[in-house]
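Structure file coords01.txt (compact mmCIF, C-alpha atoms) follows.
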# COMPACT_ATOMS: atom_id res chain seq x y z
CA MET B 71 50.76 47.79 -137.41
CA LYS B 72 50.56 47.22 -133.65
CA ILE B 73 47.84 49.17 -131.90
CA SER B 74 48.21 49.72 -128.16
CA SER B 75 45.12 49.28 -126.07
CA PRO B 76 44.05 52.45 -124.27
CA ALA B 77 43.53 50.30 -121.18
CA THR B 78 47.19 49.27 -121.07
CA VAL B 79 48.76 50.01 -117.70
CA ASP B 80 52.09 51.84 -118.06
CA PHE B 81 53.80 51.41 -114.70
CA SER B 82 56.68 53.74 -115.56
CA HIS B 83 54.09 56.44 -116.16
CA ILE B 84 52.10 55.55 -113.04
CA LEU B 85 55.14 55.74 -110.74
CA ARG B 86 56.89 58.74 -112.27
CA ALA B 87 56.60 60.95 -109.15
CA LEU B 88 58.73 58.41 -107.25
CA ARG B 89 61.83 59.63 -109.07
CA TYR B 90 61.91 62.56 -106.61
CA ARG B 91 63.84 61.53 -103.48
CA ASN B 92 61.73 63.52 -101.02
CA TYR B 93 58.49 62.22 -102.42
CA ARG B 94 59.86 58.66 -102.48
CA LEU B 95 60.78 58.86 -98.79
CA PHE B 96 57.38 60.24 -97.87
CA PHE B 97 55.52 57.67 -100.00
CA PHE B 98 57.04 54.59 -98.38
CA GLY B 99 56.96 56.07 -94.86
CA GLN B 100 53.29 56.88 -95.29
CA ILE B 101 52.42 53.35 -96.46
CA VAL B 102 53.66 51.93 -93.14
CA SER B 103 52.05 54.67 -91.06
CA LEU B 104 48.71 54.58 -92.86
CA THR B 105 48.52 50.80 -92.53
CA GLY B 106 48.71 51.31 -88.77
CA THR B 107 46.10 54.07 -89.00
CA TRP B 108 43.64 51.76 -90.77
CA MET B 109 44.31 49.07 -88.18
CA GLN B 110 43.38 51.58 -85.49
CA TYR B 111 40.28 52.66 -87.42
CA LEU B 112 38.88 49.13 -87.50
CA ALA B 113 39.86 48.42 -83.89
CA MET B 114 38.27 51.67 -82.73
CA GLY B 115 34.92 50.84 -84.30
CA TRP B 116 34.97 47.31 -82.91
CA LEU B 117 35.96 48.55 -79.45
CA VAL B 118 33.17 51.13 -79.32
CA TYR B 119 30.54 48.65 -80.46
CA ARG B 120 31.83 46.04 -77.98
CA LEU B 121 31.66 48.53 -75.11
CA THR B 122 28.24 50.00 -75.96
CA ASN B 123 26.34 47.73 -78.40
CA SER B 124 25.03 50.98 -79.86
CA ALA B 125 25.03 52.16 -83.47
CA PHE B 126 24.41 55.67 -82.16
CA ALA B 127 27.61 55.48 -80.07
CA LEU B 128 29.53 54.70 -83.25
CA GLY B 129 28.10 57.87 -84.74
CA VAL B 130 29.00 59.91 -81.66
CA VAL B 131 32.62 58.69 -81.71
CA GLY B 132 32.80 59.41 -85.44
CA PHE B 133 31.50 62.90 -84.74
CA ALA B 134 33.98 63.46 -81.89
CA SER B 135 36.96 62.34 -83.98
CA GLN B 136 36.25 64.64 -86.93
CA VAL B 137 34.11 67.61 -85.86
CA SER B 138 37.12 69.83 -85.09
CA THR B 139 38.16 69.56 -88.74
CA PHE B 140 35.27 71.78 -89.76
CA PHE B 141 36.40 74.57 -87.46
CA ILE B 142 40.20 74.24 -87.39
CA SER B 143 41.00 73.45 -91.04
CA PRO B 144 40.43 77.03 -92.32
CA PHE B 145 43.07 78.30 -89.85
CA ALA B 146 45.39 75.43 -90.78
CA GLY B 147 45.07 76.40 -94.44
CA VAL B 148 46.26 79.94 -93.72
CA TRP B 149 49.20 78.61 -91.69
CA ALA B 150 50.06 76.18 -94.49
CA ASP B 151 50.46 79.19 -96.79
CA ARG B 152 52.65 81.01 -94.23
CA TRP B 153 54.69 78.54 -92.19
CA ASN B 154 57.10 75.69 -92.89
CA ARG B 155 54.86 72.79 -93.90
CA HIS B 156 57.59 70.24 -93.32
CA ARG B 157 57.89 71.08 -89.62
CA ILE B 158 54.12 71.16 -89.10
CA VAL B 159 53.75 67.66 -90.56
CA VAL B 160 56.52 66.30 -88.29
CA VAL B 161 54.91 67.74 -85.14
CA THR B 162 51.46 66.39 -86.00
CA GLN B 163 52.84 62.88 -86.62
CA VAL B 164 54.51 62.88 -83.18
CA LEU B 165 51.25 63.94 -81.50
CA ALA B 166 49.23 61.29 -83.33
CA MET B 167 51.76 58.65 -82.26
CA ALA B 168 51.34 59.69 -78.62
CA GLN B 169 47.55 59.34 -78.92
CA ALA B 170 47.88 55.77 -80.24
CA PHE B 171 50.21 54.73 -77.40
CA ILE B 172 47.90 56.19 -74.74
CA LEU B 173 44.91 54.37 -76.21
CA ALA B 174 46.90 51.13 -76.38
CA ALA B 175 47.91 51.45 -72.71
CA LEU B 176 44.28 51.94 -71.63
CA VAL B 177 42.99 48.92 -73.55
CA LEU B 178 45.89 46.58 -72.71
CA SER B 179 45.54 47.45 -69.02
CA ASN B 180 41.78 46.72 -69.27
CA THR B 181 40.92 50.15 -67.87
CA VAL B 182 39.44 51.73 -71.00
CA GLU B 183 36.03 53.36 -70.80
CA ILE B 184 33.95 54.96 -73.50
CA TRP B 185 34.75 58.47 -72.26
CA HIS B 186 38.46 57.74 -72.71
CA VAL B 187 37.75 56.87 -76.33
CA MET B 188 35.76 60.09 -76.80
CA VAL B 189 38.45 62.35 -75.34
CA LEU B 190 41.26 60.71 -77.31
CA SER B 191 39.15 60.84 -80.48
CA VAL B 192 38.64 64.58 -80.03
CA PHE B 193 42.39 65.03 -79.50
CA LEU B 194 43.33 63.05 -82.62
CA GLY B 195 40.69 64.90 -84.62
CA ALA B 196 42.23 68.23 -83.64
CA VAL B 197 45.70 67.02 -84.64
CA ASN B 198 44.39 65.77 -87.99
CA SER B 199 42.63 69.09 -88.55
CA PHE B 200 46.05 70.75 -88.68
CA GLU B 201 47.82 67.92 -90.45
CA MET B 202 45.52 67.21 -93.40
CA PRO B 203 45.42 70.62 -95.14
CA VAL B 204 49.15 71.04 -94.57
CA ARG B 205 49.97 67.56 -95.89
CA GLN B 206 47.80 68.08 -98.97
CA SER B 207 49.58 71.34 -99.83
CA PHE B 208 52.97 69.83 -98.81
CA THR B 209 52.92 67.54 -101.86
CA ILE B 210 54.04 70.35 -104.17
CA ASP B 211 57.16 70.84 -101.98
CA LEU B 212 58.22 67.22 -102.50
CA ILE B 213 58.42 67.20 -106.29
CA GLY B 214 60.54 69.26 -108.63
CA ASN B 215 58.10 69.59 -111.52
CA LYS B 216 54.53 70.83 -111.20
CA GLU B 217 53.60 68.77 -114.25
CA ASP B 218 53.94 65.69 -112.03
CA LEU B 219 51.63 67.07 -109.35
CA ALA B 220 48.57 65.17 -110.61
CA ASN B 221 50.57 61.94 -110.59
CA ALA B 222 51.84 62.62 -107.06
CA ILE B 223 48.26 63.18 -105.88
CA ALA B 224 47.20 59.92 -107.52
CA LEU B 225 50.11 58.11 -105.84
CA ASN B 226 49.05 59.63 -102.51
CA SER B 227 45.72 57.92 -103.09
CA LEU B 228 47.53 54.73 -104.10
CA GLU B 229 49.53 54.57 -100.86
CA PHE B 230 46.43 55.44 -98.83
CA ASN B 231 44.51 52.57 -100.38
CA ILE B 232 47.32 50.03 -100.18
CA ALA B 233 47.15 50.70 -96.46
CA ARG B 234 43.36 50.65 -96.53
CA PHE B 235 43.49 47.21 -98.16
CA LEU B 236 46.07 45.71 -95.79
CA GLY B 237 45.32 47.42 -92.48
CA PRO B 238 41.73 46.33 -91.80
CA MET B 239 42.32 42.69 -92.75
CA VAL B 240 45.36 42.48 -90.49
CA ALA B 241 43.49 44.29 -87.71
CA GLY B 242 40.50 41.96 -87.95
CA ILE B 243 42.77 38.97 -87.39
CA VAL B 244 44.73 40.71 -84.61
CA VAL B 245 41.55 41.67 -82.73
CA ALA B 246 40.20 38.12 -83.05
CA LEU B 247 43.46 36.60 -81.74
CA SER B 248 44.33 39.29 -79.18
CA ASN B 249 42.40 42.54 -78.61
CA GLU B 250 41.99 46.08 -79.90
CA GLY B 251 44.89 47.34 -77.77
CA THR B 252 47.42 45.42 -79.84
CA CYS B 253 46.22 47.25 -82.96
CA PHE B 254 46.59 50.61 -81.23
CA LEU B 255 50.11 49.66 -80.11
CA LEU B 256 51.14 48.62 -83.62
CA ASN B 257 49.72 51.88 -84.98
CA GLY B 258 51.85 53.85 -82.53
CA PHE B 259 55.01 52.13 -83.73
CA SER B 260 53.99 52.62 -87.38
CA TYR B 261 54.35 56.40 -87.00
CA LEU B 262 58.09 55.93 -86.53
CA ALA B 263 58.39 55.10 -90.25
CA VAL B 264 56.90 58.36 -91.50
CA ILE B 265 58.68 60.44 -88.84
CA ALA B 266 61.99 58.90 -89.93
CA SER B 267 61.24 59.60 -93.60
CA LEU B 268 60.38 63.23 -92.81
CA THR B 269 63.61 63.81 -90.88
CA MET B 270 65.65 62.38 -93.79
CA MET B 271 64.22 64.89 -96.28
CA LYS B 272 65.89 68.03 -97.51
CA VAL B 273 63.00 70.33 -98.31
CA SER B 274 63.81 73.78 -99.65
CA GLN B 275 60.53 75.59 -99.13
CA GLU B 276 60.38 79.28 -99.91
CA ARG B 277 60.01 81.44 -96.82
CA LYS B 278 56.68 83.18 -96.68
CA ALA B 279 56.60 86.97 -96.57
CA LYS B 280 56.54 88.39 -93.04
CA ASN B 281 53.88 91.03 -93.75
CA HIS B 282 50.54 89.24 -93.79
CA ASN B 283 46.94 90.24 -93.64
CA HIS B 284 45.07 89.41 -90.46
CA ILE B 285 44.37 85.67 -90.32
CA LEU B 286 40.60 86.19 -90.66
CA GLU B 287 41.13 88.40 -93.71
CA SER B 288 43.37 85.72 -95.24
CA MET B 289 40.69 83.11 -94.57
CA ARG B 290 38.05 85.30 -96.19
CA GLU B 291 40.28 85.80 -99.22
CA GLY B 292 40.68 82.03 -99.53
CA PHE B 293 36.94 81.38 -99.37
CA VAL B 294 36.15 84.11 -101.91
CA TYR B 295 38.82 82.77 -104.27
CA THR B 296 37.66 79.17 -103.92
CA PHE B 297 33.91 79.67 -104.31
CA GLY B 298 34.36 82.35 -106.95
CA SER B 299 35.37 79.61 -109.38
CA ALA B 300 32.37 77.65 -110.69
CA PRO B 301 34.28 74.38 -111.27
CA MET B 302 35.79 74.44 -107.78
CA ARG B 303 32.46 75.45 -106.27
CA PHE B 304 30.47 72.59 -107.80
CA ILE B 305 33.20 70.04 -107.08
CA LEU B 306 33.24 71.09 -103.42
CA VAL B 307 29.43 71.07 -103.18
CA LEU B 308 29.32 67.51 -104.53
CA MET B 309 32.10 66.45 -102.19
CA GLY B 310 30.32 68.06 -99.26
CA LEU B 311 27.14 66.16 -100.11
CA VAL B 312 29.01 62.85 -100.34
CA SER B 313 30.85 63.53 -97.08
CA LEU B 314 27.69 64.51 -95.19
CA VAL B 315 25.39 61.73 -96.36
CA VAL B 316 27.41 58.98 -98.07
CA MET B 317 30.76 58.58 -96.33
CA PRO B 318 29.26 57.91 -92.86
CA TYR B 319 28.18 54.48 -94.20
CA ALA B 320 31.61 53.32 -93.02
CA ILE B 321 30.78 53.82 -89.34
CA LEU B 322 27.90 51.36 -89.74
CA LEU B 323 30.09 48.53 -91.02
CA PRO B 324 30.55 47.00 -87.53
CA VAL B 325 26.74 46.79 -87.28
CA PHE B 326 26.48 45.39 -90.80
CA ALA B 327 29.23 42.81 -90.16
CA ARG B 328 27.86 41.55 -86.86
CA ASP B 329 24.09 41.96 -87.04
CA VAL B 330 23.32 41.69 -90.77
CA LEU B 331 25.99 39.24 -91.93
CA HIS B 332 26.31 37.55 -88.50
CA GLY B 333 30.10 37.72 -88.52
CA ASP B 334 32.89 38.87 -86.20
CA SER B 335 35.85 41.25 -86.33
CA ARG B 336 37.38 39.26 -89.20
CA THR B 337 34.20 39.79 -91.22
CA LEU B 338 34.52 43.52 -90.63
CA GLY B 339 38.19 43.38 -91.61
CA TYR B 340 37.42 41.61 -94.88
CA LEU B 341 34.66 44.10 -95.73
CA MET B 342 36.95 47.06 -95.12
CA GLY B 343 39.77 45.31 -96.96
CA ALA B 344 37.50 44.76 -99.96
CA ALA B 345 36.68 48.48 -100.00
CA GLY B 346 40.42 49.14 -99.81
CA PHE B 347 41.05 46.84 -102.77
CA GLY B 348 38.44 48.70 -104.80
CA ALA B 349 39.97 52.02 -103.80
CA LEU B 350 43.43 50.72 -104.71
CA SER B 351 42.11 49.81 -108.16
CA GLY B 352 40.68 53.29 -108.46
CA ALA B 353 44.00 54.86 -107.52
CA ILE B 354 45.80 52.84 -110.21
CA PHE B 355 43.12 53.88 -112.70
CA LEU B 356 43.72 57.56 -111.94
CA ALA B 357 47.52 57.28 -111.81
CA ASN B 358 47.49 55.80 -115.32
CA LYS B 359 45.59 58.78 -116.75
CA LYS B 360 47.77 60.98 -118.95
CA GLY B 361 46.34 64.24 -117.67
CA VAL B 362 43.21 65.92 -116.40
CA ARG B 363 41.24 65.55 -119.62
CA GLY B 364 37.77 64.20 -118.90
CA MET B 365 38.22 64.36 -115.12
CA GLY B 366 34.84 66.04 -114.64
CA LYS B 367 33.06 63.12 -116.31
CA THR B 368 35.21 60.75 -114.26
CA ILE B 369 34.08 62.41 -111.02
CA ALA B 370 30.41 62.21 -112.03
CA GLY B 371 30.72 58.59 -113.12
CA ALA B 372 32.55 57.57 -109.94
CA THR B 373 29.86 59.19 -107.76
CA PHE B 374 27.19 57.29 -109.70
CA VAL B 375 29.07 53.99 -109.23
CA LEU B 376 29.42 54.74 -105.52
CA GLY B 377 25.66 55.28 -105.15
CA ALA B 378 24.73 52.18 -107.11
CA GLY B 379 27.13 50.06 -105.06
CA LEU B 380 25.67 51.29 -101.76
CA ILE B 381 22.08 50.66 -102.87
CA LEU B 382 22.90 47.08 -103.86
CA LEU B 383 24.89 46.59 -100.63
CA SER B 384 21.86 47.61 -98.55
CA PHE B 385 19.94 44.62 -99.95
CA SER B 386 22.77 42.10 -99.61
CA ARG B 387 22.64 39.42 -96.94
CA SER B 388 25.43 37.34 -98.48
CA PHE B 389 29.01 37.77 -97.33
CA PRO B 390 30.60 37.03 -100.77
CA VAL B 391 28.18 39.38 -102.54
CA SER B 392 28.84 42.07 -99.93
CA LEU B 393 32.60 41.74 -100.51
CA VAL B 394 32.15 42.33 -104.24
CA LEU B 395 29.93 45.33 -103.63
CA MET B 396 32.43 46.79 -101.15
CA VAL B 397 35.02 46.67 -103.94
CA VAL B 398 32.63 48.69 -106.13
CA VAL B 399 31.94 51.19 -103.33
CA GLY B 400 35.65 51.58 -102.56
CA PHE B 401 36.45 52.21 -106.23
CA GLY B 402 33.72 54.83 -106.65
CA LEU B 403 34.53 56.70 -103.44
CA MET B 404 38.27 56.84 -104.09
CA VAL B 405 37.99 58.03 -107.69
CA HIS B 406 35.46 60.67 -106.61
CA MET B 407 37.74 62.02 -103.86
CA ALA B 408 41.09 61.84 -105.67
CA GLY B 409 39.66 63.13 -108.93
CA SER B 410 38.21 66.14 -107.12
CA ASN B 411 41.55 66.76 -105.39
CA THR B 412 43.40 66.60 -108.71
CA VAL B 413 41.16 69.14 -110.42
CA LEU B 414 41.32 71.54 -107.47
CA GLN B 415 45.12 71.38 -107.23
CA THR B 416 45.42 71.82 -111.01
CA LEU B 417 43.38 75.02 -110.95
CA VAL B 418 44.63 76.66 -107.74
CA ASP B 419 47.29 79.40 -107.53
CA ASP B 420 50.31 78.36 -105.46
CA ASP B 421 49.98 81.21 -102.97
CA LYS B 422 46.43 80.09 -102.10
CA ARG B 423 47.00 76.33 -102.22
CA GLY B 424 46.88 75.82 -98.46
CA ARG B 425 43.63 77.74 -98.09
CA VAL B 426 41.91 75.99 -101.00
CA MET B 427 42.98 72.61 -99.64
CA SER B 428 41.62 73.57 -96.22
CA VAL B 429 38.21 74.11 -97.85
CA TYR B 430 38.64 70.74 -99.57
CA ILE B 431 39.34 69.13 -96.18
CA MET B 432 36.30 70.88 -94.68
CA ALA B 433 34.12 69.41 -97.42
CA PHE B 434 35.88 66.03 -97.41
CA ILE B 435 36.28 65.46 -93.66
CA GLY B 436 34.65 68.37 -91.83
CA LEU B 437 31.06 67.51 -92.77
CA THR B 438 31.47 63.77 -92.16
CA PRO B 439 31.05 63.94 -88.35
CA PHE B 440 27.66 65.63 -88.71
CA GLY B 441 26.73 62.87 -91.14
CA SER B 442 28.01 60.28 -88.66
CA LEU B 443 25.58 61.54 -86.03
CA MET B 444 22.75 61.46 -88.55
CA ALA B 445 23.69 57.98 -89.77
CA GLY B 446 24.09 56.57 -86.26
CA SER B 447 20.75 58.00 -85.15
CA LEU B 448 18.92 56.80 -88.26
CA ALA B 449 20.49 53.35 -88.07
CA GLN B 450 19.42 53.06 -84.44
CA LYS B 451 15.78 53.60 -85.51
CA ALA B 452 15.54 52.22 -89.04
CA GLY B 453 18.51 49.85 -89.21
CA ALA B 454 21.86 49.98 -90.99
CA PRO B 455 20.62 48.60 -94.37
CA TYR B 456 17.98 51.34 -94.82
CA THR B 457 20.50 54.01 -93.81
CA ILE B 458 22.97 52.74 -96.42
CA LEU B 459 20.16 52.62 -98.99
CA GLY B 460 19.40 56.30 -98.39
CA ALA B 461 23.07 57.22 -98.71
CA GLY B 462 23.26 55.46 -102.07
CA ALA B 463 20.17 57.28 -103.36
CA VAL B 464 21.64 60.66 -102.40
CA SER B 465 24.89 59.79 -104.16
CA LEU B 466 23.02 58.96 -107.39
CA ALA B 467 21.11 62.25 -107.22
CA GLY B 468 24.32 64.23 -106.65
CA ALA B 469 26.05 62.50 -109.57
CA CYS B 470 23.18 63.33 -111.92
CA PHE B 471 23.12 67.00 -110.88
CA PHE B 472 26.91 67.33 -111.27
CA ALA B 473 26.81 65.67 -114.72
CA TRP B 474 24.07 68.11 -115.75
CA ARG B 475 26.29 71.08 -114.83
CA LEU B 476 29.44 69.80 -116.53
CA ARG B 477 28.96 71.52 -119.88
CA SER B 478 29.23 74.97 -118.33
CA PHE B 479 32.66 74.27 -116.80
CA ALA B 480 35.04 74.02 -119.77
CA ALA B 481 35.04 77.67 -120.86
CA ILE B 482 35.24 78.90 -117.26
CA ILE B 483 38.24 76.68 -116.57
CA ASP B 484 40.02 77.94 -119.67
CA ARG B 485 39.50 81.55 -118.58
CA SER B 486 40.35 81.00 -114.90
CA THR B 487 43.64 79.24 -115.70
CA ASN B 488 44.54 81.49 -118.67
CA THR B 489 44.67 78.28 -120.71
CA ALA B 490 47.38 76.91 -118.39
CA VAL B 491 45.61 73.59 -118.57
CA SER B 492 46.30 72.43 -122.08
CA GLU B 493 43.41 69.98 -122.12
CA PRO B 494 39.83 70.58 -121.01
CA VAL B 495 39.23 69.21 -117.54
CA VAL B 496 35.72 68.19 -118.40
How does this structure look as structure tokens?
Amino acid sequence: MKISSPATVDFSHILRALRYRNYRLFFFGQIVSLTGTWMQYLAMGWLVYRLTNSAFALGVVGFASQVSTFFISPFAGVWADRWNRHRIVVVTQVLAMAQAFILAALVLSNTVEIWHVMVLSVFLGAVNSFEMPVRQSFTIDLIGNKEDLANAIALNSLEFNIARFLGPMVAGIVVALSNEGTCFLLNGFSYLAVIASLTMMKVSQERKAKNHNHILESMREGFVYTFGSAPMRFILVLMGLVSLVVMPYAILLPVFARDVLHGDSRTLGYLMGAAGFGALSGAIFLANKKGVRGMGKTIAGATFVLGAGLILLSFSRSFPVSLVLMVVVGFGLMVHMAGSNTVLQTLVDDDKRGRVMSVYIMAFIGLTPFGSLMAGSLAQKAGAPYTILGAGAVSLAGACFFAWRLRSFAAIIDRSTNTAVSEPVV
């Protein structure tokens, strides 16, 4: 008798959400666009460090690009539950494309100054604050069967990390051969792919009722609903901790690449590409899961792996060793984020999906800019390696606390979903 290995990768199962035309269009358009986004991300960090030679400036730019998420996302979540998500996503993509072209023009004309970067970062952050909660809740509109929602979320992570793997490596080479402006220009053109895919869709989204509560009352209702559920509450607390203390390690990679490993923009590109490869592996791992069974343990384990990888990275002075550790870090961070997203979207009621995902974005992105300021300031005084070491230690502590609380979740999840989830999430 032939026994199948549980580790066997079933690609027909992994890619099942692609059978929906709308989702398929969005998936491939996003791969192109996100590759450009990751090119811009690397080029932005390298540009800021080239202009200022300051780790603190990297933290300030990171803060400027994301701080609006903390304040705008709750409103965006309410609008995602009321308005046409398809149209909102199209408008935000057009605005982000304009930002990339303006930044490219400034750099290519050799007139860019750090204040230009700050202003444009704030603008893009505001656009993303609207776009991210809407795009997260838009996924359900692209598929015809809610049973495939978890797979679609995993494939969203897959496309994100394909781009994360390719974009930085290409950008590192482009910056070395040309300059940062070329990366910004290519990113601007990459938005055309996702805009084209969005205009080709036929999305039949139910019209929201015209009689709504006041927007602040709707926001309050969303927060009460979200934090009234123990599983969602602890998942969001862990994610907030990771976003505040752990995720800002990424803004220090230009310092680590140049001053610790004594490399150039290509070194930075390879480091970010290695993290992208690890994240891509994590996305495949999640997409191959048959359901949400054991996802709580998966989240705890991934957070532990993330912390261990960062601690080891802080001691590394070898480029090859650092590449391997970046793969580990990328895997742990991606599985932590996407696993948390999957559990939240499995538990949430459809009429509150936008608001719950806005809280997710606040925890995922909104706290990161405050952490970026902390990380940049600490790295300026103590150095990037010690800052990364501290982030890894916090991640380990958070993973242990979350694992300790897991046993109390199963019964609560069964009650809160009225046994809609056939398998225990934890």
Checklist entry - From the set B:Ser388, B:Ile223, B:Phe259, B:Ala166, which residue has the shortest atom-to-atom contact distance to Leu356 of chain B, counting only C-alpha atoms? => result B:Ile223
Checklist entry - Just how far from atom CA of Leu466 of chain B is atom CA of Phe141 of chain B, in Å to one decimal? => result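 Atom-to-atom, atom CA of Phe141 of chain B to atom CA of Leu466 of chain B, that is 28.6 Å.
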Checklist entry - From the set B:Gly453, B:Gly460, B:Gly348, B:Gly366, which residue has the shortest atom-to-atom contact distance to Leu308 of chain B, counting all atoms listed in the file? => result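 Nearest to Leu308 of chain B: B:Gly366.
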Next on the checklist: Under the rule that only C-alpha atoms are counted, which of B:Asn92, B:Pro238, B:Gly462, B:Ala224 is the nearest residue to Leu212 of chain B?
Outcome noted: B:Asn92
Item to check | Selected residue of minimal separation from Ser199 of chain B among B:Val316, B:Val137, B:Leu104, B:Met109, counting only C-alpha atoms | outcome: B:Val137
Quick one: everything within 12 Å of Thr269 of chain B, counting all atoms listed in the file, minus sequence neighbours fewer than 6 positions away in the same chain. Send it as a tab-separated table (two decimals) with C-alpha atoms, in the coordinates of the input.
chain	number	residue	atom	x	y	z
B	92	ASN	CA	61.73	63.52	-101.02
B	95	LEU	CA	60.78	58.86	-98.79
B	96	PHE	CA	57.38	60.24	-97.87
B	99	GLY	CA	56.96	56.07	-94.86
B	156	HIS	CA	57.59	70.24	-93.32
B	157	ARG	CA	57.89	71.08	-89.62
B	159	VAL	CA	53.75	67.66	-90.56
B	160	VAL	CA	56.52	66.30	-88.29
B	161	VAL	CA	54.91	67.74	-85.14
B	163	GLN	CA	52.84	62.88	-86.62
B	164	VAL	CA	54.51	62.88	-83.18
B	262	LEU	CA	58.09	55.93	-86.53
B	263	ALA	CA	58.39	55.10	-90.25
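What separates atom CA of Asn411 of chain B from atom CA of Tyr430 of chain B is a distance of 7.6 Å.
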Checklist entry - So which one's closest to Gly339 of chain B, B:Pro390, B:Ala246, B:Thr209, B:Pro203? Using only C-alpha atoms, please. => result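 Between B:Pro390, B:Ala246, B:Thr209, B:Pro203, the residue approaching Gly339 of chain B most closely is B:Ala246.
When all atoms listed in the file are used to compute distances to Leu414 of chain B, the closest of the residues B:Ala220, B:Leu338, B:Ile213, B:Val398 turns out to be B:Ala220.
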Checklist entry - Leaving out Ser335 of chain B and any residue of its chain fewer than 4 positions from it, which residues lie within 10 Å of it when counting all atoms listed in the file, given as a list in words? => result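 Counting only the stated atoms, we get Leu112, Ala113, Gly115, Trp116, Pro238, Met239, Ala241, Gly242, Ile243, Val244, Val245, Ala246, Pro324, Ala327, Arg328, Gly339, Tyr340 and Leu341 of chain B.
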Checklist entry - Can you list, as a ChimeraX atom specification, every protein, DNA or RNA residue that comes within 9 Å of Leu117 of chain B when you count all atoms listed in the file, leaving out same-chain residues fewer than 3 positions away? => result /B:112-114,120-122,184,249-250
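Between atom CA of Gly400 of chain B and atom CA of Ala378 of chain B lies a distance of 11.8 Å.
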Next on the checklist: Applying 7 Å and all atoms listed in the file, which residues near Gln110 of chain B remain after dropping the ones on its own chain fewer than 5 positions away? List them as a ChimeraX atom specification.
Outcome noted: /B:253-254,257
Next on the checklist: List as a list in words the protein and nucleic acid residues near segment 433-441 of chain B, meaning an atom at most 6 Å away when all atoms listed in the file are counted, but skip any in the same chain fewer than 5 places from it.
Outcome noted: Gly132, Phe133, Gln136, Val137, Thr139, Phe140, Met309, Gly310, Ser313, Leu314, Val315 and Pro318 of chain B
Restricting it to C-alpha atoms, dump the selection as a short mmCIF file (atom, residue, chain, number, x, y, z; two decimals), in the coordinates of the input.
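This went into out.cif:
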data_model
loop_
_atom_site.label_atom_id
_atom_site.label_comp_id
_atom_site.auth_asym_id
_atom_site.auth_seq_id
_atom_site.Cartn_x
_atom_site.Cartn_y
_atom_site.Cartn_z
CA GLY B 132 32.80 59.41 -85.44
CA PHE B 133 31.50 62.90 -84.74
CA GLN B 136 36.25 64.64 -86.93
CA VAL B 137 34.11 67.61 -85.86
CA THR B 139 38.16 69.56 -88.74
CA PHE B 140 35.27 71.78 -89.76
CA MET B 309 32.10 66.45 -102.19
CA GLY B 310 30.32 68.06 -99.26
CA SER B 313 30.85 63.53 -97.08
CA LEU B 314 27.69 64.51 -95.19
CA VAL B 315 25.39 61.73 -96.36
CA PRO B 318 29.26 57.91 -92.86
#
May I ask you to restore N, CA and C atoms in segment 462-473 of chain B and write the result as a tab-separated table (two decimals), in the frame of the given file?
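To be explicit, this is the file written out as part33.tsv:
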chain	number	residue	atom	x	y	z
B	462	GLY	N	23.05	55.77	-100.66
B	462	GLY	CA	23.26	55.46	-102.07
B	462	GLY	C	22.36	56.29	-102.97
B	463	ALA	N	21.11	56.49	-102.56
B	463	ALA	CA	20.17	57.28	-103.36
B	463	ALA	C	20.64	58.73	-103.48
B	464	VAL	N	21.13	59.29	-102.38
B	464	VAL	CA	21.64	60.66	-102.40
B	464	VAL	C	22.85	60.78	-103.32
B	465	SER	N	23.71	59.78	-103.30
B	465	SER	CA	24.89	59.79	-104.16
B	465	SER	C	24.49	59.79	-105.64
B	466	LEU	N	23.49	58.98	-106.00
B	466	LEU	CA	23.02	58.96	-107.39
B	466	LEU	C	22.46	60.32	-107.79
B	467	ALA	N	21.69	60.94	-106.91
B	467	ALA	CA	21.11	62.25	-107.22
B	467	ALA	C	22.21	63.30	-107.41
B	468	GLY	N	23.21	63.28	-106.53
B	468	GLY	CA	24.32	64.23	-106.65
B	468	GLY	C	25.10	64.03	-107.93
B	469	ALA	N	25.32	62.79	-108.32
B	469	ALA	CA	26.05	62.50	-109.57
B	469	ALA	C	25.29	63.04	-110.78
B	470	CYS	N	23.98	62.86	-110.79
B	470	CYS	CA	23.18	63.33	-111.92
B	470	CYS	C	23.19	64.86	-112.01
B	471	PHE	N	23.09	65.54	-110.87
B	471	PHE	CA	23.12	67.00	-110.88
B	471	PHE	C	24.47	67.52	-111.36
B	472	PHE	N	25.57	66.90	-110.87
B	472	PHE	CA	26.91	67.33	-111.27
B	472	PHE	C	27.11	67.11	-112.76
B	473	ALA	N	26.67	65.96	-113.28
B	473	ALA	CA	26.81	65.67	-114.72
B	473	ALA	C	26.03	66.69	-115.55
